[in-house]
Amino acid sequence: MSLFAKFYDRCMAATERGGLSELRTELLATLTTEHPEPEVLELGAGTGVNLDHYPPGLARLVQTEPDPGMLTRLTHRARGRGFEAAGASALKLPYANASFDAVVITLVLCTVLDPSLALREAARVLRPGGRLLFIEHVGSEEASVLRWQQRIEPIWKLVAGGCCLTRDPRPLLAQAGLELESCTPGHLPNAPRFVSPMIRGVARRAVYSAH
Ligand SMILES: C[S@@+](CC[C@H](N)C(=O)[O-])C[C@H]1O[C@@H](n2cnc3c(N)ncnc32)[C@H](O)[C@@H]1O
């Protein structure tokens with residue numbers, strides 16, 4: 001098992017306690033307020049930390065994760081709750097077009113090799129009108145912090161499973177056919193400044209689109 005998989009939950013504990021847990025719950029609660037019994041796909045689910053935050057009443061939850069170490073933990077946790085875990089990459093999802101009501105990504109677009117392709121795949125598997133729910137850490141809007149992020153990024157990627165510090169997925173959403181409905185900037189609590197800038201929100205697949 002990679003060190004990243006082994007220590008991920010411990011590394012995130014202070015951030016979760018400081019408020020990330022609440023943000024997860026708040027975001028995922030909207031799954032069932034908009035859609036009764038939705039079918040939900042989560043990308044890059046890691047060790048399954050979101051499992052404690054999904055509301056009751058999902059018709060189906062599939063959690064995907066390509067890292068074998070993460071997947072082992074995820075599978076154990078997900079199956080215990082009657083959900084599915086799959087070793088799929090967000091860059092090539094083994095699901096039919098328009099097969100889910102919602103896609104969830106939390107702290108994943110920083111790490112995938114091609115975030116643009118991951119978002120196109122998310123849009124493809126969403127039903128028309130379906131929603132992408134996200135929490136992502138991003139490059140800072142403050143020039144001085146962004147410069148630090150750019151300097152630290154090469155080393156950070158080595159120790160943090162390929163995580164990039166300077167990305168901004170917002171422009172990629174529209175290119176993937178997803179319309180940004182809400183986006184709240186903020187900071188990951190109890191996290192170093194160079195990794196804390198984040199956005200959370202919702203984007204929707206158009207009701208009429210090419211897929
Ligand atoms: C920082 S962790 C986030 C884990 C979890 N989503 C969370 O909210 O804590 C980033 C995750 O993205 C996963 N990942 C990396 N490349 C991926 C890809 N191509 N498709 C899906 N997930 C990927 C990693 O294996 C890792 O589990």
# chains A, B, ... in the order shown; residues from 1 in each chain; ligands from 1
call {"tool": "residues_around", "arguments": {"residues": "Tyr95 (chain A)", "least_positions_apart": "6", "cutoff": "12 Å", "atoms": "only C-alpha atoms", "output": "JSON list (two decimals) with C-alpha atoms, in the first residue's frame"}}
result
[["chain", "number", "residue", "atom", "x", "y", "z"],
["A", 40, "VAL", "CA", -24.87, 8.70, -7.56],
["A", 41, "LEU", "CA", -21.32, 8.18, -8.84],
["A", 62, "VAL", "CA", -20.94, 3.74, -6.88],
["A", 64, "THR", "CA", -14.59, 4.70, -7.97],
["A", 86, "ALA", "CA", -14.90, 0.03, -8.34],
["A", 88, "ALA", "CA", -11.99, 2.77, -12.27],
["A", 89, "SER", "CA", -10.18, 5.92, -13.37],
["A", 121, "GLU", "CA", -16.38, 11.87, -18.58],
["A", 122, "ALA", "CA", -18.42, 13.12, -15.61],
["A", 123, "ALA", "CA", -20.68, 15.08, -17.97],
["A", 124, "ARG", "CA", -21.06, 12.04, -20.24],
["A", 125, "VAL", "CA", -22.35, 9.75, -17.50],
["A", 126, "LEU", "CA", -24.68, 12.40, -16.05],
["A", 127, "ARG", "CA", -28.30, 12.38, -17.11]]
call {"tool": "residues_around", "arguments": {"residues": "Pro189 (chain A)", "least_positions_apart": "2", "cutoff": "9 Å", "atoms": "only C-alpha atoms", "output": "PDB file with C-alpha atoms, in the first residue's frame"}}
result
ATOM      1  CA  ALA A  14      -7.291  18.117  11.588  1.00  0.00           C
ATOM      2  CA  THR A  15      -8.808  19.557   8.407  1.00  0.00           C
ATOM      3  CA  GLU A  16     -11.866  17.298   8.731  1.00  0.00           C
ATOM      4  CA  ARG A  17     -12.336  18.229  12.395  1.00  0.00           C
ATOM      5  CA  GLY A  18     -11.796  21.902  11.609  1.00  0.00           C
ATOM      6  CA  GLY A  19     -14.813  21.998   9.301  1.00  0.00           C
ATOM      7  CA  LEU A  20     -14.239  20.023   6.094  1.00  0.00           C
ATOM      8  CA  HIS A 187     -10.107  27.802   2.673  1.00  0.00           C
ATOM      9  CA  ALA A 191      -4.374  23.328   6.269  1.00  0.00           C
ATOM     10  CA  PRO A 192      -1.151  25.076   5.232  1.00  0.00           C
ATOM     11  CA  SER A 196      -5.865  25.701   1.573  1.00  0.00           C
TER      12      SER A 196
END
call {"tool": "residues_near_ligand", "arguments": {"ligand": "ligand 1", "cutoff": "7 Å", "atoms": "only C-alpha atoms and all ligand atoms", "output": "list of chain:residue names"}}
result
A:Leu43, A:Gly44, A:Ala45, A:Gly46, A:Thr47, A:Gly48, A:Val49, A:Asn50, A:Thr64, A:Glu65, A:Pro66, A:Asp67, A:Met70, A:Ala88, A:Ser89, A:Ala90, A:Leu91, A:Ile105, A:Thr106, A:Leu107, A:Val108, A:Thr111, A:Val112, A:Leu113, A:Cys163
call {"tool": "write_last_selection", "arguments": {"atoms": "N, CA and C atoms", "output": "PDB file, in the first residue's frame"}}
result
ATOM      1  N   LEU A  43     -16.220   9.987  -7.901  1.00  0.00           N
ATOM      2  CA  LEU A  43     -14.932   9.761  -8.574  1.00  0.00           C
ATOM      3  C   LEU A  43     -13.787   9.973  -7.592  1.00  0.00           C
ATOM      4  N   GLY A  44     -12.776   9.115  -7.633  1.00  0.00           N
ATOM      5  CA  GLY A  44     -11.605   9.297  -6.770  1.00  0.00           C
ATOM      6  C   GLY A  44     -11.984   9.336  -5.305  1.00  0.00           C
ATOM      7  N   ALA A  45     -12.740   8.348  -4.883  1.00  0.00           N
ATOM      8  CA  ALA A  45     -13.322   8.372  -3.527  1.00  0.00           C
ATOM      9  C   ALA A  45     -12.295   8.129  -2.424  1.00  0.00           C
ATOM     10  N   GLY A  46     -11.050   7.811  -2.796  1.00  0.00           N
ATOM     11  CA  GLY A  46      -9.994   7.642  -1.788  1.00  0.00           C
ATOM     12  C   GLY A  46     -10.323   6.509  -0.837  1.00  0.00           C
ATOM     13  N   THR A  47     -10.178   6.786   0.462  1.00  0.00           N
ATOM     14  CA  THR A  47     -10.437   5.752   1.472  1.00  0.00           C
ATOM     15  C   THR A  47     -11.931   5.654   1.823  1.00  0.00           C
ATOM     16  N   GLY A  48     -12.748   6.476   1.193  1.00  0.00           N
ATOM     17  CA  GLY A  48     -14.195   6.417   1.447  1.00  0.00           C
ATOM     18  C   GLY A  48     -14.660   7.408   2.496  1.00  0.00           C
ATOM     19  N   VAL A  49     -13.920   8.503   2.644  1.00  0.00           N
ATOM     20  CA  VAL A  49     -14.240   9.466   3.707  1.00  0.00           C
ATOM     21  C   VAL A  49     -15.638  10.065   3.545  1.00  0.00           C
ATOM     22  N   ASN A  50     -16.137  10.181   2.315  1.00  0.00           N
ATOM     23  CA  ASN A  50     -17.474  10.764   2.129  1.00  0.00           C
ATOM     24  C   ASN A  50     -18.603   9.845   2.592  1.00  0.00           C
ATOM     25  N   THR A  64     -15.717   5.178  -7.178  1.00  0.00           N
ATOM     26  CA  THR A  64     -14.592   4.696  -7.971  1.00  0.00           C
ATOM     27  C   THR A  64     -13.284   5.216  -7.403  1.00  0.00           C
ATOM     28  N   GLU A  65     -12.233   4.419  -7.555  1.00  0.00           N
ATOM     29  CA  GLU A  65     -10.917   4.812  -7.027  1.00  0.00           C
ATOM     30  C   GLU A  65      -9.856   3.950  -7.706  1.00  0.00           C
ATOM     31  N   PRO A  66      -8.904   4.571  -8.427  1.00  0.00           N
ATOM     32  CA  PRO A  66      -7.916   3.761  -9.156  1.00  0.00           C
ATOM     33  C   PRO A  66      -6.716   3.299  -8.321  1.00  0.00           C
ATOM     34  N   ASP A  67      -6.417   3.972  -7.212  1.00  0.00           N
ATOM     35  CA  ASP A  67      -5.234   3.596  -6.420  1.00  0.00           C
ATOM     36  C   ASP A  67      -5.541   2.321  -5.623  1.00  0.00           C
ATOM     37  N   MET A  70      -5.828   2.712  -1.735  1.00  0.00           N
ATOM     38  CA  MET A  70      -7.056   3.435  -1.369  1.00  0.00           C
ATOM     39  C   MET A  70      -8.280   2.532  -1.594  1.00  0.00           C
ATOM     40  N   ALA A  88     -11.994   2.081 -10.964  1.00  0.00           N
ATOM     41  CA  ALA A  88     -11.992   2.769 -12.267  1.00  0.00           C
ATOM     42  C   ALA A  88     -11.344   4.148 -12.169  1.00  0.00           C
ATOM     43  N   SER A  89     -10.727   4.565 -13.281  1.00  0.00           N
ATOM     44  CA  SER A  89     -10.175   5.920 -13.368  1.00  0.00           C
ATOM     45  C   SER A  89     -11.262   6.880 -13.854  1.00  0.00           C
ATOM     46  N   ALA A  90     -11.196   8.095 -13.345  1.00  0.00           N
ATOM     47  CA  ALA A  90     -12.135   9.132 -13.800  1.00  0.00           C
ATOM     48  C   ALA A  90     -11.917   9.469 -15.269  1.00  0.00           C
ATOM     49  N   LEU A  91     -10.768   9.042 -15.819  1.00  0.00           N
ATOM     50  CA  LEU A  91     -10.462   9.383 -17.212  1.00  0.00           C
ATOM     51  C   LEU A  91     -11.101   8.411 -18.197  1.00  0.00           C
ATOM     52  N   ILE A 105     -17.295  14.837  -6.741  1.00  0.00           N
ATOM     53  CA  ILE A 105     -15.824  14.834  -6.703  1.00  0.00           C
ATOM     54  C   ILE A 105     -15.364  15.743  -5.565  1.00  0.00           C
ATOM     55  N   THR A 106     -14.539  15.213  -4.687  1.00  0.00           N
ATOM     56  CA  THR A 106     -13.991  16.038  -3.611  1.00  0.00           C
ATOM     57  C   THR A 106     -12.480  15.844  -3.564  1.00  0.00           C
ATOM     58  N   LEU A 107     -11.758  16.922  -3.801  1.00  0.00           N
ATOM     59  CA  LEU A 107     -10.284  16.945  -3.747  1.00  0.00           C
ATOM     60  C   LEU A 107      -9.679  15.937  -4.712  1.00  0.00           C
ATOM     61  N   VAL A 108     -10.195  15.903  -5.918  1.00  0.00           N
ATOM     62  CA  VAL A 108      -9.759  14.919  -6.914  1.00  0.00           C
ATOM     63  C   VAL A 108      -9.157  15.588  -8.162  1.00  0.00           C
ATOM     64  N   THR A 111      -5.517  16.070  -8.632  1.00  0.00           N
ATOM     65  CA  THR A 111      -4.629  14.909  -8.763  1.00  0.00           C
ATOM     66  C   THR A 111      -4.748  14.184 -10.101  1.00  0.00           C
ATOM     67  N   VAL A 112      -5.906  14.214 -10.739  1.00  0.00           N
ATOM     68  CA  VAL A 112      -6.048  13.448 -11.992  1.00  0.00           C
ATOM     69  C   VAL A 112      -5.116  14.033 -13.055  1.00  0.00           C
ATOM     70  N   LEU A 113      -4.596  13.180 -13.920  1.00  0.00           N
ATOM     71  CA  LEU A 113      -3.628  13.646 -14.922  1.00  0.00           C
ATOM     72  C   LEU A 113      -4.266  14.636 -15.884  1.00  0.00           C
ATOM     73  N   CYS A 163      -0.623  15.395  -6.356  1.00  0.00           N
ATOM     74  CA  CYS A 163      -1.543  16.530  -6.158  1.00  0.00           C
ATOM     75  C   CYS A 163      -0.914  17.846  -6.642  1.00  0.00           C
TER      76      CYS A 163
END
call {"tool": "closest_residue", "arguments": {"among": "A:Val159, A:Leu117, A:Val207, A:Ala174", "to": "Tyr8 (chain A)", "atoms": "only C-alpha atoms"}}
result
A:Val159
call {"tool": "residues_around", "arguments": {"residues": "Arg131 (chain A)", "least_positions_apart": "2", "cutoff": "12 Å", "atoms": "only C-alpha atoms", "output": "PyMOL selection string"}}
result
chain A and resi 27-28+30-32+34-35+38-42+98+100-105+119+122-129+133-134+173+177-182+201-207
call {"tool": "closest_residue", "arguments": {"among": "A:Pro169, A:Pro115, A:Pro36, A:Gly87", "to": "Pro55 (chain A)", "atoms": "only C-alpha atoms"}}
result
A:Pro36
call {"tool": "select_by_dssp", "arguments": {"residues": "region 49-188 of chain A", "states": "alpha helix (DSSP H)", "output": "number ranges by chain"}}
result
A: 68-80, 115-125, 143-159, 170-175
call {"tool": "residues_around", "arguments": {"residues": "Glu141 (chain A)", "least_positions_apart": "4", "cutoff": "9 Å", "atoms": "only C-alpha atoms", "output": "JSON, numbers by chain"}}
result
{"A": [145, 146, 197]}
call {"tool": "write_last_selection", "arguments": {"atoms": "C-alpha atoms", "output": "compact mmCIF listing (two decimals), in the first residue's frame"}}
result
# COMPACT_ATOMS: atom_id res chain seq x y z
CA VAL A 145 0.37 32.85 -2.43
CA LEU A 146 0.09 31.57 -6.00
CA PRO A 197 -7.57 27.82 -1.16
call {"tool": "closest_residue", "arguments": {"among": "A:Lys92, A:Arg73, A:Arg147, A:Arg200", "to": "Arg120 (chain A)", "atoms": "only C-alpha atoms"}}
result
A:Lys92
call {"tool": "atom_distance", "arguments": {"atom1": "CA of Glu142 (chain A)", "atom2": "CA of Phe194 (chain A)"}}
result
10.8 Å
call {"tool": "atom_distance", "arguments": {"atom1": "CA of Phe7 (chain A)", "atom2": "CA of Arg77 (chain A)"}}
result
16.4 Å
call {"tool": "closest_residue", "arguments": {"among": "A:His53, A:Arg193, A:Arg10, A:Arg170", "to": "Leu23 (chain A)", "atoms": "only C-alpha atoms"}}
result
A:His53
call {"tool": "atom_distance", "arguments": {"atom1": "CA of Ala176 (chain A)", "atom2": "CA of Val138 (chain A)"}}
result
18.3 Å
call {"tool": "select_by_dssp", "arguments": {"residues": "region 47-160 of chain A", "states": "strand (DSSP E)", "output": "VMD selection string"}}
result
chain A and resid 60 to 64 84 to 86 100 to 106 126 to 137
call {"tool": "write_last_selection", "arguments": {"atoms": "C-alpha atoms", "output": "compact mmCIF listing (two decimals), in the first residue's frame"}}
result
# COMPACT_ATOMS: atom_id res chain seq x y z
CA ARG A 60 -27.45 3.61 -5.76
CA LEU A 61 -23.98 4.82 -4.84
CA VAL A 62 -20.94 3.74 -6.88
CA GLN A 63 -17.55 4.93 -5.61
CA THR A 64 -14.59 4.70 -7.97
CA GLU A 84 -20.45 -0.41 -4.68
CA ALA A 85 -16.72 0.29 -5.01
CA ALA A 86 -14.90 0.03 -8.34
CA PHE A 100 -26.34 8.78 -13.04
CA ASP A 101 -28.34 11.63 -11.49
CA ALA A 102 -25.31 13.11 -9.77
CA VAL A 103 -21.52 12.86 -9.79
CA VAL A 104 -19.48 13.76 -6.69
CA ILE A 105 -15.82 14.83 -6.70
CA THR A 106 -13.99 16.04 -3.61
CA LEU A 126 -24.68 12.40 -16.05
CA ARG A 127 -28.30 12.38 -17.11
CA PRO A 128 -29.49 15.60 -18.76
CA GLY A 129 -30.11 18.03 -15.91
CA GLY A 130 -27.90 15.95 -13.60
CA ARG A 131 -25.50 17.67 -11.23
CA LEU A 132 -21.79 17.59 -10.46
CA LEU A 133 -21.13 18.34 -6.78
CA PHE A 134 -17.59 19.38 -5.97
CA ILE A 135 -15.14 20.50 -3.32
CA GLU A 136 -11.71 21.20 -4.80
CA HIS A 137 -8.58 22.95 -3.64
call {"tool": "closest_residue", "arguments": {"among": "A:Arg81, A:Glu37, A:Ala5, A:Asp52", "to": "Thr25 (chain A)", "atoms": "only C-alpha atoms"}}
result
A:Asp52
